[in-house]
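Peer 1: Got a structure here, written out as structure tokens. Questions coming.
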Amino acid sequence: MAKSKAQMQPTQGDQSGLQTAAVLLVFSMFALMITSFFITFYLLFYTDYYYLSVLYFIWLWWDRSKCNRGGRRCTWIREWKLWTYIAEYFPIKILKTAELDPNKNYVCGYHPHGLFPLGFTSCFATEATGFSKLFPQIKPSILLLLLHFWIPLHRELILGLGACLVSRESISWLLTKEGKGNMLVIIVGGGLEMLDSISGVVKLTLKNRKGFVRLAIQHGASLIPIFGFGENEIYSQVANPKGSMLRKVQDFLYDHYRMAMPLFSMRGMFPSQQPLDVVIGKPIDVGQNSQPTEEEIDHYHKVMNWMRNATVWKYMKDYFPVRTIKTAELDPNKNYVCGYHPHGILCVGAFTSFATEATGFKHIFPKIKPFLLTLTGQFWFPFYRDLIMSTGSCAVSKESIKWLLTNEGKGNMVIIVIGGAAEALDAHPGMVKLTLRRRKGFVRLAIQNGASLIPIFSFGENNIWSQVPNSEGSILRTVQNYLTKFMGFSPPIIYGRGIFQYSIGYMPYRYPVDIIVGKPIDVVQNPNPSKEEVDKYHNLYIQSLHQLFEEHKINYEHYKDVTLELVA
């Protein structure tokens with residue numbers, strides 16, 4: 001009896017087995033292809049089949065310029081079912097945020113590199129994620145290092161996938177000789193960024209890499225940022241912090257041979273099955289200029305920081321509205337540890353001002369890099385963690401703060417919401433109760449690393465939601481304090497306005513939030529500060545915060561009669 005079509009389809013267990021087998025096959029295939037380089041020379045010098053190697057080398061020489069001339073794309077290879085099984089193994093998805101005009105060309109930066117950029121290859125070198133259906137009439141080309149095109153057989157495969165050489169000549173050819181609708185995808189961070197591919201961390205090698213921007217301007221191609229959420233989670237790299245012996249060896253190999261040699265582990269012979277979402281940003285149109293100035297290149301290069309510059313944050317800022325106000329210039333040759341007060345319910349002002357460009361931070365404080373610190377637990381939520389990391393947020397831990405103040409150069413601004421979850425329980429409109437008196441760890445870290453202290457006060461942070469009364473001693477507050485003690489946080493019971501009405505709901509009130517950034521308090525660096533030294537600067541910080549509050553509260557109707565109170 002003939003089986004029905006449904007009966008012939010692979011079961012879920014079969015699919016899982018096929019996916020695993022596909023991953024094993026491809027990783028074995030790449031290992032064999034690298035080995036083929038040595039096999040070719042073995043055949044040439046040690047066997048009677050030397051003519052095979054000779055013929056292949058003749059072909060290689062005759063075909064050497066193909067990677068600079070648009071490649072040799074083969075739809076049949078791009079549509080192999082093998083690639084689909086690999087994409088489903090993790091799984092890998094491609095997400096678009098805007099339509100692409102087939103009458104334009106595009107230069108795309110892919111971030112981060114990861115150890116082996118699987119999102120990069122699956123989405124743009126194959127049809128595993130349905131690229132041609134998402135972007136009809138757009139031809140993607142991944143750009144790779146020259147070494148890939150000198151490995152026998154491997155070069156034929158990647159040329160068939162549409163890969164080309166990442167060179168000025170190759171990019172110019174694709175943008176001028178191949179018509180329109182071309183999408184060039186470059187891993188901007190390259191091999192150097194691979195060494196920073198650590199789970200839970202997003203470090204991009206991008207600040208000084210502007211050549212792709214120059215080429216886009218010269219050819220009038222739009223720029224597109226692409227981010228692979230999960231790319232760094234697929235493998236675990238052996239710890240290699242700056243200054244370690246391993247990192248010194250790796251940096252030496254990269255500097256002299258342009259080879260990054262990360263040491264990593266997998267799940268047995270397989271990469272971790274971590275979801276990988278590749279988000280393609282909106283195109284940034286550029287004006288064509290065959291000889292762009294450095295200022296023009298810098299302008300478009302800065303725009304690539306797309307997550308912090310996303311339009312959604314500007315709309316959110318305008319909803320309240322939120323403003324960032326400075327009281328002093330900040331020296332980009334120093335580092336800063338800032339305390340943000342009060343916590344409020346959800347730190348809306350802190351996020352809007354320091355994790356996004358909605359309030360124009362980079363224009364208010366040029367050459368200063370803000371890092372908003374938040375609880376480590378927030379980095380355990382899939383996708384959400386990748387979102388907040390791409391805004392520059394880091395974990396509020398001693399290790400994290402020390403790294404930012406010692407390994408990221410100067411001009412770093414670390415923002416800590418000092419009161420934390422405990423202070424959120426005192427976030428009531430019309431009062432300012434801060435949890436600050438016994439919180440001195442941030443002062444100690446500032447002294448140890450020679451970073452200036454800055455108090456920041458947010459007028460309006462406590463007014464954008466109402467909280468159910470929970471005075472000390474009440475049953476509700478007793479329960480909340482218990483949860484805070486044992487879980488580290490306790491969600492306050494809040495209410496605001498509705499979506500379509502203004503009486504009650506969970507939307508925040510449209511109340512102005514002004515973030516006042518105080519004057520820096522310079523400290524004398526001491527790796528082992530005494531208790532007296534910490535207390536001295538802590539008292540100076542509290543005095544400066546009080547002064548900041550008193551000087552500015554007269555500008556806000558709801559704060560004129562409010563007293564700043566330290567409750568813990």
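By convention in this document, the chains of the structure tokens carry letters A, B, ... by their order, each chain's residues are numbered from 1, and ligands are numbered from 1 in the order they are shown.
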Using only C-alpha atoms, find each residue of region 426-516 of chain A with at least one atom at most 10 Å away from an atom of region 328-335 of chain A; report its shortest atom-to-atom pair and that distance in Å (one decimal), sort the rows by chain and rising residue number, and return the result as a tab-separated table.

Peer 2:
residue	atom	partner	partner_atom	distance
A:Ala446	CA	A:Asn335	CA	9.0
A:Asn449	CA	A:Asn335	CA	8.7
A:Gly450	CA	A:Asn335	CA	7.7
A:Ala451	CA	A:Asn335	CA	4.9
A:Ser452	CA	A:Asn335	CA	6.4
A:Leu453	CA	A:Asn335	CA	9.0

Peer 1: Could you pull out the alpha helix (DSSP H) residues of region 153-376 of chain A, going by DSSP on the backbone, and write them as a PyMOL selection string?

Peer 2: chain A and resi 154-160+168-176+190-194+211-219+245-257+294-303+311-319+348-354+361-364

Peer 1: Can you list, as JSON, numbers by chain, every residue of region 179-274 of chain A that DSSP puts in strand (DSSP E)?

Peer 2: {"A": [182, 183, 184, 185, 186, 187, 222, 223, 224, 225, 226, 227, 228, 229, 236, 237, 264, 265]}

Peer 1: So that I have them on file, write out the residues from the current selection with C-alpha atoms, as an mmCIF file, in the first residue's frame.

Peer 2:
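Listed below is the output, result36.cif:
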data_model
loop_
_atom_site.group_PDB
_atom_site.id
_atom_site.type_symbol
_atom_site.label_atom_id
_atom_site.label_comp_id
_atom_site.auth_asym_id
_atom_site.auth_seq_id
_atom_site.Cartn_x
_atom_site.Cartn_y
_atom_site.Cartn_z
ATOM 1 C CA ASN A 182 23.547 44.247 -4.393
ATOM 2 C CA MET A 183 23.967 43.738 -0.652
ATOM 3 C CA LEU A 184 27.573 43.449 0.543
ATOM 4 C CA VAL A 185 27.851 41.975 4.034
ATOM 5 C CA ILE A 186 31.127 42.592 5.888
ATOM 6 C CA ILE A 187 32.109 41.397 9.357
ATOM 7 C CA SER A 222 23.316 52.874 1.693
ATOM 8 C CA LEU A 223 24.746 51.606 4.981
ATOM 9 C CA ILE A 224 22.916 48.924 6.972
ATOM 10 C CA PRO A 225 23.811 47.731 10.499
ATOM 11 C CA ILE A 226 23.153 44.048 11.199
ATOM 12 C CA PHE A 227 23.278 42.441 14.641
ATOM 13 C CA GLY A 228 23.395 38.712 15.351
ATOM 14 C CA PHE A 229 21.717 38.197 18.738
ATOM 15 C CA SER A 236 32.493 29.009 25.084
ATOM 16 C CA GLN A 237 35.894 30.657 24.718
ATOM 17 C CA PHE A 264 37.032 27.296 22.791
ATOM 18 C CA SER A 265 34.847 24.416 23.921
#

Peer 1: Have a look at CA of Arg78 (chain A) and CA of Ala125 (chain A) and let me know their distance in Å, one decimal.

Peer 2: 6.6 Å

Peer 1: List the neighbours of Thr121 (chain A) out to 12 Å using only C-alpha atoms; skip same-chain residues closer than 3 positions along the sequence, and give me the result as an MDAnalysis selection string.

Peer 2: chainID A and resid 78 83:84 86:87 92:94 110 113:114 116:118 124:129 131 140:144 158 161:163 185:187 228 231 278

Peer 1: So that I can see what lies close to region 286-296 of chain A, please list as a PDB file with N, CA and C atoms, in the first residue's frame the residues with an atom at most 9 Å from it, counting only C-alpha atoms and leaving out residues fewer than 6 positions away in the same chain.

Peer 2:
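Once everything was written out, this is result_19.pdb:
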ATOM      1  N   ARG A 214      33.705  54.731   4.059  1.00  0.00           N
ATOM      2  CA  ARG A 214      34.295  55.498   2.955  1.00  0.00           C
ATOM      3  C   ARG A 214      33.869  54.922   1.599  1.00  0.00           C
ATOM      4  N   LEU A 215      33.945  53.593   1.456  1.00  0.00           N
ATOM      5  CA  LEU A 215      33.578  52.946   0.194  1.00  0.00           C
ATOM      6  C   LEU A 215      32.089  53.113  -0.105  1.00  0.00           C
ATOM      7  N   ALA A 216      31.255  53.067   0.935  1.00  0.00           N
ATOM      8  CA  ALA A 216      29.815  53.267   0.733  1.00  0.00           C
ATOM      9  C   ALA A 216      29.537  54.672   0.206  1.00  0.00           C
ATOM     10  N   ILE A 217      30.211  55.675   0.780  1.00  0.00           N
ATOM     11  CA  ILE A 217      30.022  57.060   0.330  1.00  0.00           C
ATOM     12  C   ILE A 217      30.529  57.227  -1.103  1.00  0.00           C
ATOM     13  N   GLN A 218      31.689  56.665  -1.398  1.00  0.00           N
ATOM     14  CA  GLN A 218      32.273  56.812  -2.735  1.00  0.00           C
ATOM     15  C   GLN A 218      31.374  56.240  -3.824  1.00  0.00           C
ATOM     16  N   HIS A 219      30.595  55.216  -3.489  1.00  0.00           N
ATOM     17  CA  HIS A 219      29.743  54.565  -4.490  1.00  0.00           C
ATOM     18  C   HIS A 219      28.257  54.846  -4.275  1.00  0.00           C
ATOM     19  N   GLY A 220      27.936  55.709  -3.303  1.00  0.00           N
ATOM     20  CA  GLY A 220      26.534  56.060  -3.074  1.00  0.00           C
ATOM     21  C   GLY A 220      25.681  54.900  -2.601  1.00  0.00           C
ATOM     22  N   ALA A 221      26.294  53.947  -1.891  1.00  0.00           N
ATOM     23  CA  ALA A 221      25.558  52.785  -1.372  1.00  0.00           C
ATOM     24  C   ALA A 221      25.076  53.069   0.043  1.00  0.00           C
ATOM     25  N   SER A 222      23.858  52.673   0.350  1.00  0.00           N
ATOM     26  CA  SER A 222      23.316  52.874   1.693  1.00  0.00           C
ATOM     27  C   SER A 222      24.003  51.936   2.683  1.00  0.00           C
ATOM     28  N   LEU A 223      24.164  52.415   3.909  1.00  0.00           N
ATOM     29  CA  LEU A 223      24.746  51.606   4.981  1.00  0.00           C
ATOM     30  C   LEU A 223      23.641  50.900   5.758  1.00  0.00           C
TER      31      LEU A 223
END

Peer 1: Calculated over only C-alpha atoms, which of the candidates A:Ala239, A:Pro152, A:Ser390, A:Lys440 has the smallest distance to Phe57 (chain A)?

Peer 2: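 Closest to Phe57 (chain A) of all the choices is A:Pro152.
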
Peer 1: Can you work out which one of A:Leu100, A:Val414, A:Ile198, A:Val107 has the shortest atom-to-atom distance to Ile138 (chain A), counting only C-alpha atoms?

Peer 2: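 That would be A:Leu100, the residue with the smallest distance to Ile138 (chain A).
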
Peer 1: What's the separation between CA of His301 (chain A) and CA of Lys369 (chain A), in Å to one decimal place?

Peer 2: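 Computing it gives 15.8 Å between the two atoms.
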
Peer 1: Could you tell me how far CA of Ile416 (chain A) sits from CA of Asp318 (chain A), in Å to one decimal place?

Peer 2: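 It comes out at 23.9 Å.
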
Peer 1: Give me the residues within 9 Å of Leu564 (chain A) as a list in words, counting only C-alpha atoms and dropping any in the same chain fewer than 2 places off.

Peer 2: Met431, Val432, Lys433, Leu434, His546, Phe549, Glu550, Val562 and Leu566 of chain A

Peer 1: Keeping only C-alpha atoms, take the residues you just selected and write them out as a CSV table (one decimal), in the first residue's frame.

Peer 2:
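Result written to result.csv:
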chain,number,residue,atom,x,y,z
A,431,MET,CA,8.7,62.6,48.3
A,432,VAL,CA,12.4,61.8,47.9
A,433,LYS,CA,13.7,59.0,50.1
A,434,LEU,CA,17.1,57.7,49.1
A,546,HIS,CA,22.1,67.7,48.6
A,549,PHE,CA,18.9,69.0,44.7
A,550,GLU,CA,18.5,72.2,46.6
A,562,VAL,CA,10.2,68.5,49.2
A,566,LEU,CA,18.3,59.5,53.5

Peer 1: Compile a residue-level contact table for region 81-162 of chain A against region 177-180 of chain A at a cut-off of 6 Å, reporting for every qualifying residue the shortest atom pair and its distance in Å to one decimal, with only C-alpha atoms counted, rows ordered by chain and ascending number, as a tab-separated table.

Peer 2:
residue	atom	partner	partner_atom	distance
A:Asn103	CA	A:Lys180	CA	5.3
A:Lys104	CA	A:Lys180	CA	5.4
A:Asn105	CA	A:Lys180	CA	5.5
